[in-house]
$ cat protein-v8.cif   # mmCIF, C-alpha atoms
data_structure
loop_
_atom_site.label_atom_id
_atom_site.label_comp_id
_atom_site.auth_asym_id
_atom_site.auth_seq_id
_atom_site.Cartn_x
_atom_site.Cartn_y
_atom_site.Cartn_z
CA MET A 1 8.03 -71.01 17.93
CA THR A 2 10.21 -68.14 18.92
CA SER A 3 10.88 -65.12 16.76
CA ASN A 4 13.67 -62.68 17.08
CA ILE A 5 12.58 -59.11 16.59
CA VAL A 6 15.35 -56.62 16.17
CA LEU A 7 14.52 -53.00 16.89
CA LEU A 8 16.82 -50.57 15.14
CA LEU A 9 17.30 -47.32 17.00
CA PRO A 10 19.17 -44.36 15.56
CA ALA A 11 22.77 -44.13 16.61
CA PRO A 12 23.82 -40.83 18.25
CA ARG A 13 25.84 -39.92 15.14
CA ASP A 14 22.80 -40.21 12.81
CA CYS A 15 21.54 -36.89 11.54
CA TYR A 16 17.90 -36.14 10.89
CA LEU A 17 16.67 -33.10 9.05
CA PRO A 18 13.61 -31.44 10.50
CA ALA A 19 10.48 -31.80 8.41
CA MET A 20 10.15 -28.84 6.05
CA PRO A 21 6.67 -27.58 5.33
CA LEU A 22 5.66 -28.00 1.72
CA LEU A 23 4.42 -24.67 0.39
CA SER A 24 2.25 -24.45 -2.68
CA GLY A 25 1.10 -21.99 -5.27
CA GLU A 26 -0.57 -22.20 -8.62
CA VAL A 27 -0.08 -21.00 -12.16
CA TYR A 28 -3.41 -20.63 -13.92
CA ARG A 29 -4.84 -19.59 -17.24
CA TYR A 30 -8.28 -18.37 -18.22
CA GLU A 31 -9.14 -18.93 -21.86
CA ASN A 32 -11.86 -16.92 -23.61
CA GLU A 33 -13.85 -19.45 -25.63
CA SER A 34 -16.29 -16.95 -27.09
CA ASP A 35 -16.41 -15.40 -30.51
CA ILE A 36 -16.59 -11.88 -29.05
CA VAL A 37 -12.94 -11.27 -29.79
CA PRO A 38 -12.45 -11.62 -33.57
CA VAL A 39 -9.17 -13.52 -33.62
CA GLU A 40 -8.09 -16.84 -35.06
CA LYS A 41 -7.15 -18.24 -31.69
CA TYR A 42 -8.61 -17.86 -28.24
CA TRP A 43 -7.30 -15.08 -26.03
CA ASN A 44 -5.88 -15.94 -22.61
CA TYR A 45 -5.08 -14.48 -19.23
CA VAL A 46 -2.22 -16.08 -17.28
CA GLY A 47 -1.60 -15.58 -13.58
CA ALA A 48 0.25 -17.03 -10.62
CA THR A 49 -0.73 -17.03 -6.97
CA GLU A 50 0.15 -18.46 -3.61
CA ASN A 51 -3.55 -18.42 -2.69
CA PRO A 52 -5.59 -20.11 -5.47
CA LEU A 53 -8.90 -20.09 -3.59
CA GLN A 54 -8.68 -16.34 -2.99
CA ARG A 55 -7.92 -15.70 -6.69
CA ILE A 56 -10.84 -17.88 -7.80
CA TRP A 57 -13.13 -15.98 -5.43
CA GLU A 58 -11.83 -12.66 -6.80
CA TRP A 59 -12.42 -13.89 -10.38
CA ASN A 60 -16.00 -14.82 -9.56
CA CYS A 61 -16.68 -11.57 -7.68
CA SER A 62 -18.14 -9.19 -10.25
CA SER A 63 -17.13 -6.07 -8.29
CA SER A 64 -13.43 -7.06 -8.24
CA ASP A 65 -11.09 -5.26 -10.66
CA TYR A 66 -9.05 -8.45 -10.52
CA ALA A 67 -5.74 -7.78 -12.25
CA GLY A 68 -5.82 -4.75 -14.47
CA PRO A 69 -7.89 -2.94 -17.07
CA LYS A 70 -7.52 -5.43 -19.96
CA ILE A 71 -8.87 -8.43 -18.08
CA ALA A 72 -11.37 -6.33 -16.09
CA SER A 73 -12.91 -5.07 -19.34
CA ALA A 74 -13.02 -8.59 -20.81
CA ARG A 75 -14.70 -9.98 -17.68
CA LYS A 76 -17.40 -7.32 -17.93
CA ASN A 77 -18.07 -8.00 -21.62
CA ILE A 78 -17.73 -11.78 -21.83
CA PRO A 79 -20.16 -14.05 -19.97
CA SER A 80 -18.64 -16.25 -17.27
CA GLU A 81 -19.65 -19.47 -19.06
CA ASN A 82 -17.32 -18.51 -21.94
CA TRP A 83 -14.21 -18.70 -19.76
CA LYS A 84 -12.35 -21.97 -19.28
CA ARG A 85 -9.84 -22.28 -16.41
CA PHE A 86 -6.65 -24.36 -16.50
CA SER A 87 -4.10 -24.63 -13.70
CA PHE A 88 -1.20 -26.55 -12.28
CA PRO A 89 0.27 -26.50 -8.77
CA VAL A 90 3.81 -25.43 -7.94
CA PHE A 91 5.45 -26.71 -4.74
CA ASP A 92 8.54 -25.75 -2.79
CA THR A 93 9.84 -25.70 0.78
CA ASP A 94 11.32 -22.19 0.59
CA PRO A 95 8.87 -19.23 0.33
CA GLU A 96 11.19 -17.00 -1.70
CA ARG A 97 12.06 -19.79 -4.11
CA LEU A 98 8.34 -20.57 -4.51
CA LYS A 99 7.64 -16.91 -5.40
CA SER A 100 10.51 -16.93 -7.87
CA ARG A 101 9.31 -20.15 -9.52
CA LEU A 102 5.75 -18.81 -9.78
CA LYS A 103 7.03 -15.63 -11.46
CA GLU A 104 9.17 -17.68 -13.85
CA TYR A 105 6.32 -20.00 -14.84
CA GLU A 106 3.90 -17.09 -15.21
CA THR A 107 6.33 -15.20 -17.45
CA ASN A 108 6.97 -18.27 -19.59
CA TYR A 109 3.28 -19.02 -20.05
CA ILE A 110 2.43 -15.39 -20.85
CA ALA A 111 5.03 -15.60 -23.62
CA HIS A 112 3.87 -19.07 -24.74
CA PHE A 113 0.20 -18.04 -25.05
CA ASP A 114 1.11 -14.53 -26.27
CA SER A 115 -1.31 -13.19 -23.69
CA TYR A 116 0.38 -9.80 -23.38
CA GLU A 117 0.19 -8.76 -27.05
CA HIS A 118 -2.84 -10.89 -28.01
CA GLY A 119 -4.50 -11.53 -24.69
CA TYR A 120 -5.52 -9.98 -21.42
CA ASN A 121 -2.27 -9.69 -19.46
CA GLY A 122 -1.22 -6.12 -18.70
CA ASN A 123 2.47 -7.01 -18.43
CA ARG A 124 4.85 -9.76 -19.47
CA GLY A 125 4.84 -11.45 -16.08
CA GLY A 126 5.38 -10.44 -12.56
CA LYS A 127 3.76 -9.65 -9.33
CA GLY A 128 0.21 -8.47 -9.61
CA ILE A 129 -0.45 -5.34 -11.63
CA ALA A 130 3.08 -4.03 -11.10
CA ALA A 131 5.22 -5.25 -13.99
CA TRP A 132 8.14 -7.54 -13.39
CA VAL A 133 11.07 -5.40 -14.42
CA LEU A 134 14.67 -6.30 -15.17
CA PHE A 135 17.56 -4.13 -14.03
CA ARG A 136 21.27 -4.22 -14.79
CA VAL A 137 23.17 -3.10 -11.70
CA THR A 138 26.81 -2.14 -12.24
CA ASP A 139 28.88 -1.50 -9.13
CA ALA A 140 31.81 0.93 -8.90
CA SER A 141 34.31 -1.76 -9.95
CA GLY A 142 32.31 -2.56 -13.13
CA VAL A 143 30.78 -5.85 -11.99
CA GLN A 144 27.31 -6.27 -13.50
CA GLN A 145 24.37 -8.20 -12.15
CA VAL A 146 20.85 -8.54 -13.57
CA VAL A 147 17.98 -8.54 -11.07
CA GLN A 148 14.24 -8.94 -11.57
CA SER A 149 12.50 -6.40 -9.32
CA TYR A 150 12.67 -2.93 -7.84
CA GLU A 151 13.16 -4.55 -4.43
CA ALA A 152 16.19 -6.57 -5.57
CA ALA A 153 17.74 -3.56 -7.35
CA SER A 154 17.21 -1.42 -4.25
CA LYS A 155 18.72 -4.04 -1.95
CA LEU A 156 21.74 -4.55 -4.20
CA SER A 157 22.43 -0.83 -4.71
CA GLY A 158 21.24 0.73 -1.48
CA ILE A 159 19.09 3.18 -3.49
CA PRO A 160 15.51 3.59 -2.19
CA ILE A 161 12.75 2.03 -4.30
CA GLY A 162 11.03 5.41 -4.74
CA SER A 163 14.13 6.84 -6.41
CA LEU A 164 14.40 3.81 -8.69
CA ARG A 165 10.77 4.08 -9.75
CA HIS A 166 11.17 7.78 -10.58
CA PHE A 167 14.31 7.45 -12.70
CA THR A 168 13.63 4.09 -14.35
CA LYS A 169 10.01 4.33 -15.48
CA LYS A 170 10.83 3.29 -19.04
CA LYS A 171 13.21 0.87 -20.73
CA GLY A 172 16.63 2.49 -20.92
CA GLY A 173 16.02 4.69 -17.89
CA HIS A 174 18.97 4.73 -15.54
CA LEU A 175 20.27 6.16 -12.29
CA THR A 176 23.84 6.51 -11.04
CA LYS A 177 24.47 7.10 -7.37
CA ASN A 178 27.57 6.50 -5.22
CA GLY A 179 29.34 4.81 -8.15
CA VAL A 180 26.50 2.32 -8.71
CA LYS A 181 24.64 2.46 -12.03
CA ILE A 182 21.17 0.96 -12.35
CA GLU A 183 19.63 0.61 -15.80
CA ARG A 184 16.20 -0.76 -16.63
CA ILE A 185 16.58 -3.26 -19.48
CA ASN A 186 12.96 -4.20 -20.29
#

$ encode --input "protein-v8.cif" --output "structure tokens"
Amino acid sequence: MTSNIVLLLPAPRDCYLPAMPLLSGEVYRYENESDIVPVEKYWNYVGATENPLQRIWEWNCSSSDYAGPKIASARKNIPSENWKRFSFPVFDTDPERLKSRLKEYETNYIAHFDSYEHGYNGNRGGKGIAAWVLFRVTDASGVQQVVQSYEAASKLSGIPIGSLRHFTKKKGGHLTKNGVKIERIN
């Protein structure tokens, strides 16, 4: 018996995309299951990281300040067995898009669990201890754009980050330079 095997080879016009590395991060939540905090619901801490193993190690390291005074104080006063950890992975092929998605998920979960007002988060979402801030940048022609960090506002306006931090420490703070107005809106 004879069999015909046909081998299909790509034609010269076929296009192949190079393999893109799949990058990952994680959004996580620690829930205080103790009765140390007298509230009707459990208090939470929400975070996001591109290095989950490092963050777990930092959580378990008693000498680590971890992520700010609220959670540091809680970790000192609440035994480790009273914390429950939840997490889910976030994947992307673009590093900047992954960072953006992690920030977005973190911010949404901080709001969902109310972990800023009634929890251990020191800000409403962002990048480490430094709060994720929103700026309205208005160029000389009046075109407005909202950006989510000092870095983005600096890049868009050409104003150094140090100047932005000095003039926009609080909500409503603003700076006008070379016809560009930057206003902090959160």

$ resolve_selection --input "protein-v8.cif" --expression "the PyMOL selection byres ((chain A and resi 114-118) around 12)" --output "count of residues only"
35

$ residues_around --input "protein-v8.cif" --residues "range 87-91 of chain A" --least-positions-apart "4" --cutoff "8 Å" --atoms "only C-alpha atoms" --output "MDAnalysis selection string"
chainID A and resid 22:29 98 101:102

$ write_last_selection --input "protein-v8.cif" --atoms "C-alpha atoms" --output "CSV table (one decimal), keeping the file's coordinate frame"
chain,number,residue,atom,x,y,z
A,22,LEU,CA,5.7,-28.0,1.7
A,23,LEU,CA,4.4,-24.7,0.4
A,24,SER,CA,2.2,-24.4,-2.7
A,25,GLY,CA,1.1,-22.0,-5.3
A,26,GLU,CA,-0.6,-22.2,-8.6
A,27,VAL,CA,-0.1,-21.0,-12.2
A,28,TYR,CA,-3.4,-20.6,-13.9
A,29,ARG,CA,-4.8,-19.6,-17.2
A,98,LEU,CA,8.3,-20.6,-4.5
A,101,ARG,CA,9.3,-20.2,-9.5
A,102,LEU,CA,5.8,-18.8,-9.8

$ closest_residue --input "protein-v8.cif" --among "A:Ser100, A:Asn60, A:Ser157, A:Asn51" --to "Arg85 in chain A" --atoms "only C-alpha atoms"
A:Asn60

$ resolve_selection --input "protein-v8.cif" --expression "the PyMOL selection byres ((chain A and resi 159-164) around 10)" --output "PyMOL selection string"
chain A and resi 149-158+165-169+173-178+180+182-184

$ write_last_selection --input "protein-v8.cif" --atoms "C-alpha atoms" --output "mmCIF file, keeping the file's coordinate frame"
data_model
loop_
_atom_site.group_PDB
_atom_site.id
_atom_site.type_symbol
_atom_site.label_atom_id
_atom_site.label_comp_id
_atom_site.auth_asym_id
_atom_site.auth_seq_id
_atom_site.Cartn_x
_atom_site.Cartn_y
_atom_site.Cartn_z
ATOM 1 C CA SER A 149 12.500 -6.400 -9.320
ATOM 2 C CA TYR A 150 12.670 -2.930 -7.840
ATOM 3 C CA GLU A 151 13.160 -4.550 -4.430
ATOM 4 C CA ALA A 152 16.190 -6.570 -5.570
ATOM 5 C CA ALA A 153 17.740 -3.560 -7.350
ATOM 6 C CA SER A 154 17.210 -1.420 -4.250
ATOM 7 C CA LYS A 155 18.720 -4.040 -1.950
ATOM 8 C CA LEU A 156 21.740 -4.550 -4.200
ATOM 9 C CA SER A 157 22.430 -0.830 -4.710
ATOM 10 C CA GLY A 158 21.240 0.730 -1.480
ATOM 11 C CA ARG A 165 10.770 4.080 -9.750
ATOM 12 C CA HIS A 166 11.170 7.780 -10.580
ATOM 13 C CA PHE A 167 14.310 7.450 -12.700
ATOM 14 C CA THR A 168 13.630 4.090 -14.350
ATOM 15 C CA LYS A 169 10.010 4.330 -15.480
ATOM 16 C CA GLY A 173 16.020 4.690 -17.890
ATOM 17 C CA HIS A 174 18.970 4.730 -15.540
ATOM 18 C CA LEU A 175 20.270 6.160 -12.290
ATOM 19 C CA THR A 176 23.840 6.510 -11.040
ATOM 20 C CA LYS A 177 24.470 7.100 -7.370
ATOM 21 C CA ASN A 178 27.570 6.500 -5.220
ATOM 22 C CA VAL A 180 26.500 2.320 -8.710
ATOM 23 C CA ILE A 182 21.170 0.960 -12.350
ATOM 24 C CA GLU A 183 19.630 0.610 -15.800
ATOM 25 C CA ARG A 184 16.200 -0.760 -16.630
#

$ residues_near_point --input "protein-v8.cif" --point "(24.0, -10.5, -11.1)" --cutoff "12 Å" --atoms "all atoms listed in the file" --output "list in words"
Leu134, Phe135, Arg136, Val137, Thr138, Asp139, Gly142, Val143, Gln144, Gln145, Val146, Val147, Gln148, Ala152, Ala153, Leu156, Ser157 and Ile182 of chain A

$ atom_distance --input "protein-v8.cif" --atom1 "CA of Ala74 in chain A" --atom2 "CA of Gln54 in chain A"
19.9 Å

$ atom_distance --input "protein-v8.cif" --atom1 "CA of Ala67 in chain A" --atom2 "CA of Lys103 in chain A"
15.0 Å

$ atom_distance --input "protein-v8.cif" --atom1 "CA of Pro95 in chain A" --atom2 "CA of Tyr66 in chain A"
23.6 Å

$ decode --input "protein-v8.cif" --residues "range 135-160 of chain A" --atoms "N, CA and C atoms" --output "PDB file, in the first residue's frame"
ATOM      1  N   PHE A 135      -3.764  64.211  36.081  1.00  0.00           N
ATOM      2  CA  PHE A 135      -3.511  65.581  35.670  1.00  0.00           C
ATOM      3  C   PHE A 135      -4.319  65.908  34.424  1.00  0.00           C
ATOM      4  N   ARG A 136      -4.779  67.144  34.351  1.00  0.00           N
ATOM      5  CA  ARG A 136      -5.369  67.677  33.125  1.00  0.00           C
ATOM      6  C   ARG A 136      -4.323  68.599  32.531  1.00  0.00           C
ATOM      7  N   VAL A 137      -3.870  68.275  31.334  1.00  0.00           N
ATOM      8  CA  VAL A 137      -2.867  69.078  30.640  1.00  0.00           C
ATOM      9  C   VAL A 137      -3.564  69.808  29.506  1.00  0.00           C
ATOM     10  N   THR A 138      -3.473  71.139  29.520  1.00  0.00           N
ATOM     11  CA  THR A 138      -4.091  71.960  28.484  1.00  0.00           C
ATOM     12  C   THR A 138      -2.974  72.670  27.728  1.00  0.00           C
ATOM     13  N   ASP A 139      -2.877  72.402  26.420  1.00  0.00           N
ATOM     14  CA  ASP A 139      -1.813  73.051  25.653  1.00  0.00           C
ATOM     15  C   ASP A 139      -2.218  74.476  25.280  1.00  0.00           C
ATOM     16  N   ALA A 140      -1.335  75.197  24.607  1.00  0.00           N
ATOM     17  CA  ALA A 140      -1.555  76.606  24.286  1.00  0.00           C
ATOM     18  C   ALA A 140      -2.785  76.823  23.410  1.00  0.00           C
ATOM     19  N   SER A 141      -3.161  75.820  22.614  1.00  0.00           N
ATOM     20  CA  SER A 141      -4.338  75.970  21.741  1.00  0.00           C
ATOM     21  C   SER A 141      -5.642  75.580  22.445  1.00  0.00           C
ATOM     22  N   GLY A 142      -5.559  75.145  23.720  1.00  0.00           N
ATOM     23  CA  GLY A 142      -6.758  74.800  24.474  1.00  0.00           C
ATOM     24  C   GLY A 142      -7.132  73.336  24.453  1.00  0.00           C
ATOM     25  N   VAL A 143      -6.337  72.510  23.797  1.00  0.00           N
ATOM     26  CA  VAL A 143      -6.620  71.071  23.747  1.00  0.00           C
ATOM     27  C   VAL A 143      -6.249  70.456  25.095  1.00  0.00           C
ATOM     28  N   GLN A 144      -7.202  69.698  25.675  1.00  0.00           N
ATOM     29  CA  GLN A 144      -6.991  69.093  26.983  1.00  0.00           C
ATOM     30  C   GLN A 144      -6.773  67.591  26.859  1.00  0.00           C
ATOM     31  N   GLN A 145      -5.924  67.089  27.749  1.00  0.00           N
ATOM     32  CA  GLN A 145      -5.684  65.658  27.816  1.00  0.00           C
ATOM     33  C   GLN A 145      -5.494  65.289  29.284  1.00  0.00           C
ATOM     34  N   VAL A 146      -6.090  64.168  29.705  1.00  0.00           N
ATOM     35  CA  VAL A 146      -5.931  63.698  31.076  1.00  0.00           C
ATOM     36  C   VAL A 146      -4.898  62.573  31.071  1.00  0.00           C
ATOM     37  N   VAL A 147      -3.916  62.691  31.971  1.00  0.00           N
ATOM     38  CA  VAL A 147      -2.875  61.673  32.094  1.00  0.00           C
ATOM     39  C   VAL A 147      -2.815  61.207  33.547  1.00  0.00           C
ATOM     40  N   GLN A 148      -2.171  60.044  33.771  1.00  0.00           N
ATOM     41  CA  GLN A 148      -2.283  59.380  35.066  1.00  0.00           C
ATOM     42  C   GLN A 148      -1.009  59.334  35.892  1.00  0.00           C
ATOM     43  N   SER A 149       0.007  60.122  35.581  1.00  0.00           N
ATOM     44  CA  SER A 149       1.220  60.093  36.388  1.00  0.00           C
ATOM     45  C   SER A 149       2.020  61.370  36.185  1.00  0.00           C
ATOM     46  N   TYR A 150       2.916  61.630  37.132  1.00  0.00           N
ATOM     47  CA  TYR A 150       3.833  62.754  36.986  1.00  0.00           C
ATOM     48  C   TYR A 150       4.677  62.585  35.727  1.00  0.00           C
ATOM     49  N   GLU A 151       5.115  61.347  35.472  1.00  0.00           N
ATOM     50  CA  GLU A 151       5.955  61.077  34.308  1.00  0.00           C
ATOM     51  C   GLU A 151       5.238  61.426  33.012  1.00  0.00           C
ATOM     52  N   ALA A 152       3.968  61.015  32.887  1.00  0.00           N
ATOM     53  CA  ALA A 152       3.204  61.300  31.670  1.00  0.00           C
ATOM     54  C   ALA A 152       2.952  62.795  31.516  1.00  0.00           C
ATOM     55  N   ALA A 153       2.637  63.482  32.629  1.00  0.00           N
ATOM     56  CA  ALA A 153       2.399  64.929  32.567  1.00  0.00           C
ATOM     57  C   ALA A 153       3.679  65.656  32.181  1.00  0.00           C
ATOM     58  N   SER A 154       4.806  65.209  32.711  1.00  0.00           N
ATOM     59  CA  SER A 154       6.095  65.823  32.383  1.00  0.00           C
ATOM     60  C   SER A 154       6.439  65.621  30.913  1.00  0.00           C
ATOM     61  N   LYS A 155       6.234  64.410  30.424  1.00  0.00           N
ATOM     62  CA  LYS A 155       6.539  64.097  29.025  1.00  0.00           C
ATOM     63  C   LYS A 155       5.663  64.912  28.076  1.00  0.00           C
ATOM     64  N   LEU A 156       4.391  65.035  28.407  1.00  0.00           N
ATOM     65  CA  LEU A 156       3.442  65.751  27.557  1.00  0.00           C
ATOM     66  C   LEU A 156       3.713  67.255  27.545  1.00  0.00           C
ATOM     67  N   SER A 157       4.124  67.802  28.696  1.00  0.00           N
ATOM     68  CA  SER A 157       4.287  69.252  28.811  1.00  0.00           C
ATOM     69  C   SER A 157       5.709  69.749  28.654  1.00  0.00           C
ATOM     70  N   GLY A 158       6.676  68.858  28.863  1.00  0.00           N
ATOM     71  CA  GLY A 158       8.067  69.290  28.835  1.00  0.00           C
ATOM     72  C   GLY A 158       8.517  69.939  30.141  1.00  0.00           C
ATOM     73  N   ILE A 159       7.677  69.889  31.159  1.00  0.00           N
ATOM     74  CA  ILE A 159       8.005  70.472  32.467  1.00  0.00           C
ATOM     75  C   ILE A 159       8.619  69.373  33.329  1.00  0.00           C
ATOM     76  N   PRO A 160       9.762  69.641  33.966  1.00  0.00           N
ATOM     77  CA  PRO A 160      10.415  68.608  34.788  1.00  0.00           C
ATOM     78  C   PRO A 160       9.510  68.098  35.917  1.00  0.00           C
TER      79      PRO A 160
END
